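**Q** You'll find upload_31.csv just under this line, and it carries CSV, C-alpha atoms.
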```
chain,number,residue,atom,x,y,z
I,808,MET,CA,-18.8,-13.5,-21.8
I,809,SER,CA,-20.9,-16.3,-20.4
I,810,LEU,CA,-22.8,-16.0,-17.2
I,811,GLY,CA,-20.8,-18.9,-15.9
I,812,THR,CA,-17.5,-17.1,-16.4
I,813,ALA,CA,-18.9,-14.0,-14.8
I,814,LEU,CA,-19.9,-16.0,-11.7
I,815,GLN,CA,-16.5,-17.7,-11.6
I,816,ILE,CA,-14.8,-14.3,-11.7
I,817,CYS,CA,-17.0,-12.9,-9.0
I,818,LEU,CA,-16.6,-15.9,-6.8
I,819,LEU,CA,-12.8,-16.3,-7.2
I,820,PHE,CA,-11.9,-12.7,-6.7
I,821,GLY,CA,-14.6,-11.9,-4.1
I,822,THR,CA,-13.3,-14.7,-2.0
I,823,ALA,CA,-9.7,-13.8,-2.6
I,824,SER,CA,-10.5,-10.2,-1.5
I,825,LEU,CA,-11.7,-11.3,1.9
I,826,LEU,CA,-8.7,-13.7,2.3
I,827,SER,CA,-6.1,-11.2,1.3
I,828,VAL,CA,-5.0,-10.5,4.8
I,829,GLY,CA,-1.6,-8.7,5.0
I,830,GLY,CA,-1.8,-7.3,1.4
I,831,GLY,CA,-2.8,-8.5,-2.1
I,832,ASN,CA,0.2,-10.6,-2.6
I,833,SER,CA,-0.8,-13.2,0.0
I,834,VAL,CA,-3.6,-14.6,-2.3
I,835,VAL,CA,-1.5,-14.7,-5.5
I,836,PRO,CA,-0.8,-18.4,-5.1
I,837,GLU,CA,-4.5,-19.2,-4.6
I,838,ILE,CA,-5.5,-17.0,-7.7
I,839,GLN,CA,-2.8,-18.7,-9.7
I,840,LEU,CA,-4.1,-22.2,-8.7
I,841,ARG,CA,-7.7,-21.4,-9.7
I,842,ALA,CA,-7.1,-19.3,-12.8
I,843,VAL,CA,-4.5,-21.6,-14.3
I,844,GLY,CA,-5.4,-25.0,-12.8
I,845,THR,CA,-9.2,-25.0,-12.2
I,846,TYR,CA,-10.5,-22.6,-14.9
I,847,HIS,CA,-7.8,-22.8,-17.5
I,848,TRP,CA,-8.1,-19.1,-18.3
I,849,LEU,CA,-4.3,-18.8,-19.0
I,850,SER,CA,-1.0,-20.7,-18.7
I,851,ALA,CA,1.3,-20.6,-15.8
I,852,VAL,CA,3.9,-18.7,-17.9
I,853,GLN,CA,1.3,-16.1,-18.9
I,854,PHE,CA,0.3,-15.7,-15.3
I,855,GLY,CA,4.0,-15.1,-14.3
I,856,ASP,CA,4.3,-12.5,-17.1
I,857,LEU,CA,1.0,-10.7,-16.0
I,858,PHE,CA,2.3,-10.7,-12.5
I,859,ALA,CA,5.5,-8.8,-13.7
I,860,ILE,CA,3.4,-6.4,-15.7
I,861,ALA,CA,1.1,-5.6,-12.7
I,862,GLN,CA,4.2,-5.1,-10.5
I,863,ALA,CA,5.8,-2.7,-13.0
I,864,ALA,CA,2.7,-0.6,-13.9
I,865,PRO,CA,1.7,2.3,-11.7
I,866,GLY,CA,-0.9,1.7,-9.0
I,867,PRO,CA,-1.6,-1.2,-6.7
I,868,SER,CA,0.1,-4.5,-7.8
I,869,MET,CA,-3.2,-6.1,-7.0
I,870,LEU,CA,-4.3,-5.0,-10.5
I,871,LEU,CA,-2.9,-8.4,-11.5
I,872,VAL,CA,-6.6,-9.5,-11.1
I,873,THR,CA,-7.6,-7.0,-13.8
I,874,LEU,CA,-5.3,-8.7,-16.2
I,875,VAL,CA,-6.5,-12.2,-15.3
I,876,GLY,CA,-10.1,-11.1,-15.7
I,877,TYR,CA,-9.2,-9.5,-19.0
I,878,LYS,CA,-7.8,-12.8,-20.3
I,879,ALA,CA,-10.8,-14.7,-19.0
I,880,ALA,CA,-13.6,-12.5,-20.3
I,881,GLY,CA,-12.3,-9.4,-22.0
I,882,VAL,CA,-12.7,-5.8,-20.8
I,883,VAL,CA,-15.9,-6.6,-18.9
I,884,GLY,CA,-14.2,-9.5,-17.2
I,885,ALA,CA,-11.3,-7.1,-16.3
I,886,LEU,CA,-13.7,-4.6,-14.6
I,887,LEU,CA,-15.7,-7.3,-12.9
I,888,ALA,CA,-12.5,-8.9,-11.5
I,889,THR,CA,-11.2,-5.5,-10.3
I,890,ILE,CA,-14.5,-4.7,-8.5
I,891,ALA,CA,-14.8,-8.1,-7.0
I,892,MET,CA,-11.3,-7.9,-5.7
I,893,ILE,CA,-11.9,-4.4,-4.1
I,894,LEU,CA,-15.4,-4.4,-2.8
I,895,PRO,CA,-15.7,-7.1,-0.1
I,896,ALA,CA,-12.5,-6.2,1.7
I,897,GLY,CA,-13.3,-2.5,1.1
I,898,VAL,CA,-16.5,-2.8,3.0
I,899,VAL,CA,-14.7,-4.4,5.9
I,900,VAL,CA,-12.0,-1.7,5.9
I,901,HIS,CA,-14.5,1.1,5.8
I,902,LEU,CA,-16.5,-0.3,8.8
I,903,VAL,CA,-13.4,-0.9,10.9
I,904,ALA,CA,-12.0,2.5,9.9
I,905,ARG,CA,-15.2,4.3,11.0
I,906,PHE,CA,-15.2,2.5,14.3
I,907,TRP,CA,-11.5,3.3,14.8
I,908,GLN,CA,-11.9,7.0,13.9
I,909,SER,CA,-15.0,7.4,16.2
I,910,SER,CA,-13.1,6.0,19.2
I,911,SER,CA,-10.3,8.6,19.2
I,912,GLY,CA,-9.7,9.8,22.7
I,913,ALA,CA,-10.4,6.3,24.2
I,914,HIS,CA,-7.5,4.9,26.2
I,915,TRP,CA,-7.1,1.9,24.0
I,916,HIS,CA,-7.1,4.1,20.9
I,917,VAL,CA,-4.3,6.3,22.3
I,918,ALA,CA,-2.3,3.3,23.4
I,919,MET,CA,-2.6,1.7,19.9
I,920,GLU,CA,-1.8,4.9,18.1
I,921,ARG,CA,1.3,5.6,20.2
I,922,GLY,CA,2.4,2.0,20.8
I,923,LEU,CA,2.0,0.8,17.2
I,924,ALA,CA,3.8,3.8,15.7
I,925,PRO,CA,7.3,2.4,16.3
I,926,VAL,CA,6.1,-1.0,15.0
I,927,ALA,CA,4.8,0.6,11.9
I,928,ILE,CA,8.1,2.4,11.3
I,929,GLY,CA,9.9,-1.0,11.7
I,930,LEU,CA,7.5,-2.5,9.1
I,931,VAL,CA,8.1,0.4,6.6
I,932,ALA,CA,11.9,-0.1,6.9
I,933,ALA,CA,11.5,-3.8,6.6
I,934,SER,CA,9.4,-3.5,3.4
I,935,GLY,CA,12.2,-1.4,1.9
I,936,ALA,CA,14.8,-4.0,2.8
I,937,VAL,CA,12.6,-6.9,1.5
I,938,ILE,CA,12.0,-5.1,-1.9
I,939,ALA,CA,15.7,-4.4,-2.3
I,940,ARG,CA,16.5,-8.1,-1.7
I,941,THR,CA,13.7,-9.6,-3.8
I,942,THR,CA,14.4,-7.4,-6.8
I,943,GLU,CA,18.1,-8.5,-6.7
I,944,HIS,CA,19.6,-5.1,-6.3
I,945,SER,CA,23.0,-4.8,-8.1
I,946,PRO,CA,25.9,-2.9,-6.4
I,947,ALA,CA,25.0,0.1,-8.6
I,948,GLN,CA,21.4,0.0,-7.5
I,949,PHE,CA,22.4,-0.2,-3.8
I,950,ALA,CA,24.6,2.8,-4.3
I,951,LEU,CA,21.7,4.7,-6.0
I,952,THR,CA,19.4,3.7,-3.2
I,953,ALA,CA,21.9,4.9,-0.5
I,954,ALA,CA,22.5,8.2,-2.3
I,955,ALA,CA,18.8,8.8,-2.9
I,956,THR,CA,18.0,8.0,0.7
I,957,LEU,CA,20.5,10.5,2.0
I,958,VAL,CA,19.1,13.2,-0.4
I,959,LEU,CA,15.5,12.5,0.6
I,960,CYS,CA,16.3,12.6,4.3
I,961,ALA,CA,18.4,15.7,4.2
I,962,THR,CA,16.4,17.8,1.7
I,963,LYS,CA,12.9,18.7,0.7
I,964,LEU,CA,13.5,17.8,-2.9
I,965,ASN,CA,10.4,16.4,-4.7
I,966,PRO,CA,11.1,12.6,-5.1
I,967,LEU,CA,9.7,12.8,-8.6
I,968,PHE,CA,13.0,14.4,-9.8
I,969,LEU,CA,14.9,11.5,-8.4
I,970,VAL,CA,12.5,9.0,-9.9
I,971,VAL,CA,12.9,10.6,-13.4
I,972,ALA,CA,16.7,10.8,-13.0
I,973,ALA,CA,16.9,7.2,-11.9
I,974,GLY,CA,14.7,6.1,-14.8
I,975,VAL,CA,17.0,7.8,-17.2
I,976,ALA,CA,20.0,6.3,-15.5
I,977,GLY,CA,18.5,2.9,-15.8
I,978,TRP,CA,17.6,3.5,-19.5
I,979,LEU,CA,21.2,4.4,-20.2
I,980,GLY,CA,22.3,1.2,-18.5
I,981,LEU,CA,24.1,3.0,-15.7
I,982,VAL,CA,22.4,0.9,-12.9
L,379,MET,CA,-19.9,11.9,8.4
L,380,ASN,CA,-21.0,14.3,11.1
L,381,ARG,CA,-19.0,12.9,14.0
L,382,GLY,CA,-17.7,16.3,14.9
L,383,ASP,CA,-14.3,15.6,13.3
L,384,PRO,CA,-12.6,18.9,12.4
L,385,SER,CA,-12.0,17.4,8.9
L,386,PRO,CA,-11.0,19.9,6.2
L,387,ASP,CA,-13.7,20.4,3.6
L,388,VAL,CA,-12.5,18.4,0.6
L,389,SER,CA,-14.4,17.9,-2.6
L,390,LEU,CA,-14.8,14.4,-4.0
L,391,ALA,CA,-13.0,15.4,-7.2
L,392,ARG,CA,-10.0,16.6,-5.2
L,393,LEU,CA,-9.9,13.3,-3.3
L,394,ALA,CA,-10.0,11.3,-6.5
L,395,ALA,CA,-7.4,13.6,-8.1
L,396,THR,CA,-5.1,13.3,-5.1
L,397,PHE,CA,-5.1,9.5,-5.1
L,398,CYS,CA,-4.7,9.5,-8.9
L,399,GLN,CA,-1.6,11.6,-8.4
L,400,VAL,CA,-0.3,9.1,-5.7
L,401,ALA,CA,-0.9,6.1,-8.1
L,402,LEU,CA,0.8,7.7,-11.1
L,403,ALA,CA,3.8,9.0,-9.0
L,404,SER,CA,4.4,5.5,-7.6
L,405,PHE,CA,5.4,4.0,-11.0
L,406,GLY,CA,8.0,1.4,-10.0
L,407,GLY,CA,7.0,1.3,-6.3
L,408,GLY,CA,7.0,3.4,-3.2
L,409,LEU,CA,3.2,3.7,-2.9
L,410,SER,CA,3.2,4.0,0.9
L,411,ALA,CA,5.9,6.7,0.8
L,412,TRP,CA,4.0,8.6,-1.9
L,413,SER,CA,0.7,8.3,0.1
L,414,ARG,CA,2.4,9.7,3.2
L,415,LYS,CA,4.1,12.5,1.3
L,416,VAL,CA,0.8,13.6,-0.4
L,417,VAL,CA,-1.7,13.0,2.4
L,418,VAL,CA,0.5,14.2,5.4
L,419,GLU,CA,3.0,16.6,3.9
L,420,ASP,CA,1.3,18.2,0.9
L,421,ARG,CA,-2.4,18.1,1.8
L,422,GLY,CA,-2.1,18.1,5.6
L,423,TRP,CA,-5.2,15.8,5.9
L,424,MET,CA,-3.6,13.7,8.7
L,425,THR,CA,-0.8,13.8,11.2
L,426,ASP,CA,2.1,11.4,11.0
L,427,GLU,CA,0.8,9.5,14.1
L,428,GLU,CA,-2.6,9.0,12.6
L,429,PHE,CA,-1.1,8.0,9.2
L,430,LEU,CA,1.1,5.3,10.8
L,431,SER,CA,-1.8,3.8,12.8
L,432,ALA,CA,-4.0,3.9,9.7
L,433,MET,CA,-1.3,2.2,7.7
L,434,THR,CA,-1.0,-0.6,10.3
L,435,LEU,CA,-4.7,-1.0,10.4
L,436,CYS,CA,-4.7,-1.2,6.6
L,437,ARG,CA,-2.0,-3.9,6.6
L,438,VAL,CA,-3.8,-6.1,9.1
L,439,LEU,CA,-7.2,-6.0,7.4
L,440,PRO,CA,-7.9,-7.9,4.2
L,441,GLY,CA,-7.4,-6.1,0.9
L,442,ALA,CA,-4.5,-4.4,-0.9
L,443,ASN,CA,-2.8,-2.0,1.6
L,444,GLN,CA,-2.9,1.1,-0.6
L,445,VAL,CA,-6.5,0.5,-1.6
L,446,ASN,CA,-7.4,0.2,2.0
L,447,LEU,CA,-5.5,3.4,2.8
L,448,ALA,CA,-7.5,5.3,0.1
L,449,ILE,CA,-10.7,4.0,1.7
L,450,TYR,CA,-9.5,5.1,5.1
L,451,VAL,CA,-8.6,8.6,4.0
L,452,GLY,CA,-11.6,9.1,1.7
L,453,GLY,CA,-13.9,7.7,4.4
L,454,LYS,CA,-12.5,10.0,7.1
L,455,LEU,CA,-12.9,13.1,5.0
L,456,ARG,CA,-16.2,12.4,3.1
L,457,GLY,CA,-17.7,9.2,4.3
L,458,VAL,CA,-18.7,6.4,2.0
L,459,ARG,CA,-18.7,8.6,-1.1
L,460,GLY,CA,-15.3,9.9,-0.2
L,461,ALA,CA,-14.0,6.3,0.1
L,462,VAL,CA,-15.4,5.4,-3.3
L,463,ALA,CA,-13.9,8.6,-4.9
L,464,ALA,CA,-10.5,7.9,-3.4
L,465,VAL,CA,-10.5,4.2,-4.6
L,466,VAL,CA,-11.7,5.2,-8.1
L,467,GLY,CA,-9.0,7.9,-8.2
L,468,LEU,CA,-6.3,5.4,-7.1
L,469,THR,CA,-7.3,2.7,-9.6
L,470,ALA,CA,-9.0,4.2,-12.7
L,471,VAL,CA,-5.9,5.3,-14.6
L,472,PRO,CA,-3.8,2.3,-13.5
L,473,VAL,CA,-6.5,0.0,-14.7
L,474,LEU,CA,-6.5,1.6,-18.1
L,475,ILE,CA,-2.7,1.4,-18.3
L,476,VAL,CA,-2.7,-2.2,-17.2
L,477,LEU,CA,-5.4,-3.1,-19.8
L,478,VAL,CA,-3.3,-1.5,-22.6
L,479,LEU,CA,-0.2,-3.4,-21.5
L,480,GLY,CA,-2.3,-6.6,-21.3
L,481,TYR,CA,-3.7,-6.1,-24.8
L,482,LEU,CA,-0.1,-5.5,-26.1
L,483,TYR,CA,1.1,-8.6,-24.2
L,484,PHE,CA,-1.5,-11.0,-25.6
L,485,ARG,CA,-1.1,-9.6,-29.1
L,486,ASN,CA,2.7,-9.6,-29.3
L,487,GLY,CA,3.7,-12.1,-26.6
L,488,SER,CA,5.7,-9.4,-24.8
L,489,VAL,CA,5.5,-5.9,-23.4
L,490,PRO,CA,7.5,-2.8,-24.4
L,491,ALA,CA,11.0,-3.0,-22.8
L,492,THR,CA,10.7,-1.1,-19.6
L,493,GLN,CA,13.0,-3.4,-17.5
L,494,SER,CA,16.1,-1.2,-17.6
L,495,ILE,CA,14.2,1.9,-16.7
L,496,LEU,CA,12.5,0.1,-13.9
L,497,ARG,CA,15.8,-1.0,-12.4
L,498,GLY,CA,16.7,2.7,-11.7
L,499,ILE,CA,13.2,3.6,-10.5
L,500,THR,CA,13.0,0.7,-8.1
L,501,ALA,CA,16.2,1.8,-6.5
L,502,VAL,CA,14.7,5.2,-5.8
L,503,ALA,CA,11.4,3.6,-4.6
L,504,VAL,CA,13.3,1.7,-2.0
L,505,ALA,CA,15.1,4.9,-1.0
L,506,MET,CA,11.7,6.6,-0.6
L,507,THR,CA,10.6,3.8,1.7
L,508,PHE,CA,13.8,4.2,3.9
L,509,ALA,CA,13.4,8.0,3.9
L,510,MET,CA,9.8,7.6,5.0
L,511,ALA,CA,11.0,5.4,7.9
L,512,TYR,CA,13.6,8.1,8.8
L,513,LYS,CA,11.1,11.0,8.7
L,514,THR,CA,8.4,9.3,10.7
L,515,GLY,CA,11.0,7.8,13.0
L,516,ALA,CA,12.5,11.2,13.8
L,517,LYS,CA,9.1,12.1,15.5
L,518,ALA,CA,8.0,8.8,16.9
L,519,LEU,CA,11.2,7.3,18.1
L,520,ARG,CA,12.2,9.4,21.1
L,521,SER,CA,12.8,6.8,23.8
L,522,VAL,CA,14.6,3.5,24.3
L,523,PRO,CA,11.4,1.3,24.4
L,524,ALA,CA,10.2,2.9,21.1
L,525,TRP,CA,13.5,2.1,19.4
L,526,ALA,CA,13.4,-1.4,20.8
L,527,LEU,CA,9.9,-2.0,19.4
L,528,CYS,CA,10.9,-0.6,16.0
L,529,ALA,CA,14.0,-2.8,15.9
L,530,ALA,CA,12.0,-5.9,17.0
L,531,SER,CA,9.4,-5.4,14.2
L,532,PHE,CA,12.1,-4.8,11.6
L,533,LEU,CA,14.1,-7.9,12.6
L,534,LEU,CA,11.1,-10.1,12.8
L,535,SER,CA,9.7,-9.1,9.4
L,536,ALA,CA,12.8,-8.3,7.3
L,537,VAL,CA,15.4,-10.8,8.7
L,538,PHE,CA,13.3,-13.6,10.2
L,539,ARG,CA,10.5,-13.2,7.7
L,540,VAL,CA,7.8,-13.9,10.3
L,541,PRO,CA,4.3,-13.5,8.9
L,542,LEU,CA,2.6,-10.2,9.9
L,543,PRO,CA,-0.1,-11.7,12.1
L,544,VAL,CA,2.5,-13.7,14.1
L,545,MET,CA,4.8,-10.6,14.3
L,546,LEU,CA,2.0,-8.5,15.6
L,547,ALA,CA,0.9,-11.2,18.1
L,548,ILE,CA,4.4,-11.0,19.5
L,549,VAL,CA,5.1,-7.3,19.4
L,550,ALA,CA,1.7,-5.6,19.8
L,551,PRO,CA,1.0,-6.6,23.4
L,552,VAL,CA,4.3,-5.2,24.5
L,553,ALA,CA,3.7,-2.1,22.5
L,554,LEU,CA,0.2,-1.6,24.0
L,555,TRP,CA,1.5,-2.2,27.6
L,556,TRP,CA,4.2,0.4,27.0
L,557,ALA,CA,2.0,3.0,25.5
L,558,TRP,CA,-1.1,2.6,27.7
L,559,PRO,CA,-1.8,6.0,29.3
L,560,ALA,CA,-0.8,5.5,32.9
L,561,ARG,CA,-2.2,8.5,34.7
L,562,PRO,CA,-5.1,10.6,33.8
L,563,ASP,CA,-3.4,12.7,31.2
L,564,THR,CA,-4.0,16.4,31.3
L,565,SER,CA,-5.4,17.3,27.9
L,566,ARG,CA,-7.1,14.2,26.6
L,567,ALA,CA,-8.4,12.3,29.6
L,568,SER,CA,-10.2,15.3,31.0
L,569,ARG,CA,-12.8,14.9,28.3
L,570,LEU,CA,-13.4,11.3,29.1
L,571,PRO,CA,-16.1,10.2,31.6
```
Would it be possible to restate this file's structure as structure tokens?

**A**
Amino acid sequence: MSLGTALQICLLFGTASLLSVGGGNSVVPEIQLRAVGTYHWLSAVQFGDLFAIAQAAPGPSMLLVTLVGYKAAGVVGALLATIAMILPAGVVVHLVARFWQSSSGAHWHVAMERGLAPVAIGLVAASGAVIARTTEHSPAQFALTAAATLVLCATKLNPLFLVVAAGVAGWLGLV
Amino acid sequence: MNRGDPSPDVSLARLAATFCQVALASFGGGLSAWSRKVVVEDRGWMTDEEFLSAMTLCRVLPGANQVNLAIYVGGKLRGVRGAVAAVVGLTAVPVLIVLVLGYLYFRNGSVPATQSILRGITAVAVAMTFAMAYKTGAKALRSVPAWALCAASFLLSAVFRVPLPVMLAIVAPVALWWAWPARPDTSRASRLP
């Protein structure tokens, strides 16, 4: 890997890290533009395929940058891209979290914790609805989602059982 | 680290292992729901209230939400080293998996067929997300204003697709005004100057 490529990787993903407000997916268009258009590390089709791989694999879907770094400069590029994507935002988060945790008991902290709880719950429900819509749920998938939601709300069953059962059902072509 | 928090004494290895478990369990989605199940229900490292506020904080700040949450939890329990341990735990094995998949993809032009398996798993991941809303909602939604705030944020982000910063700019002031401690509250405020 050339030093130039290493610098490009650090610059692109380090910047994307700080710009990724509201989650990693918000900077995907910018990363695509640079990686495909500016640096020609890969084609647009390849980028789309890597996006799908990162979504499907376990862990944060932000690991798309690991794959882009891998294509640009091999395993070292992959690790460099991953660290560049995590570190800058991570420092910000750690500092803000420390401040937030040390202020517990303050009126504004109590108000934020209590007031934003209903908002956070709305956001969680919204993210479920949005995922269901963007993955183009089939009627069978909707039925499975509804049934699994009921089971998870009413029982203490470990969700892993449902995940495995649903994976088998998908494999058999039932959903 | 020594801010007087009554944090449980958790080893760095246990932090890393916990977030590795979260990452691997969330194959196909549902990372937030898995994080809550493990951090709040299984380990008891946080209350639901704190988890929800931490999650909102992690969404507003730059960075991937789940990485941010690992930093929050790790930092709360063991400071900077805890944050690093949690992030390494969350990402190390997934990075390896993604690299193997990437290698296979660039060699063969495709990845092993997982699409049909994922269809089933995604349906359950969505169910886990809804169930998490239900479980946390059962505790936090006990009044009409709370329900209204929850409904407003759901409608704005899921139905009208308003960007998060705009949504918060609309809803958060109302939420803060509603939740601001009105009178000196018995237990907490007595410790304040």

**Q** Counting only C-alpha atoms, which of I:Gly876, I:Pro925, I:Gly844, I:Gly855 gets nearest to chain L?

**A** I:Pro925

**Q** How many Å lie between atom CA of L:Arg414 and atom CA of I:Ser909, rounded to one decimal?

**A**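 Atom CA of I:Ser909 lies at a distance of 21.8 Å from atom CA of L:Arg414.
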
**Q** Smallest atom-to-atom distance to chain I: which of L:Ala557, L:Val537, L:Ala391, L:Ala448, using all atoms listed in the file?

**A**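 Under the stated criterion, the closest residue is L:Ala557.
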
**Q** Report as a PyMOL selection string all protein, DNA and RNA residues lying within 10 Å of I:Ala939, evaluated on all atoms listed in the file, omitting residues in the same chain fewer than 6 positions from it.

**A** (chain I and resi 933+945+948-949+952) or (chain L and resi 500-501+503-505)

**Q** Need the shell around L:Asp387: protein/DNA/RNA residues with any atom at most 10 Å away, counting only C-alpha atoms. Skip same-chain ones fewer than 4 positions apart. Format as a PyMOL selection string?

**A** chain L and resi 423+455-456

**Q** Just to confirm, what's the straight-line distance from atom CA of L:Gly480 to atom CA of I:Pro865 in Å (one decimal)?

**A**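 It comes out at 13.7 Å.
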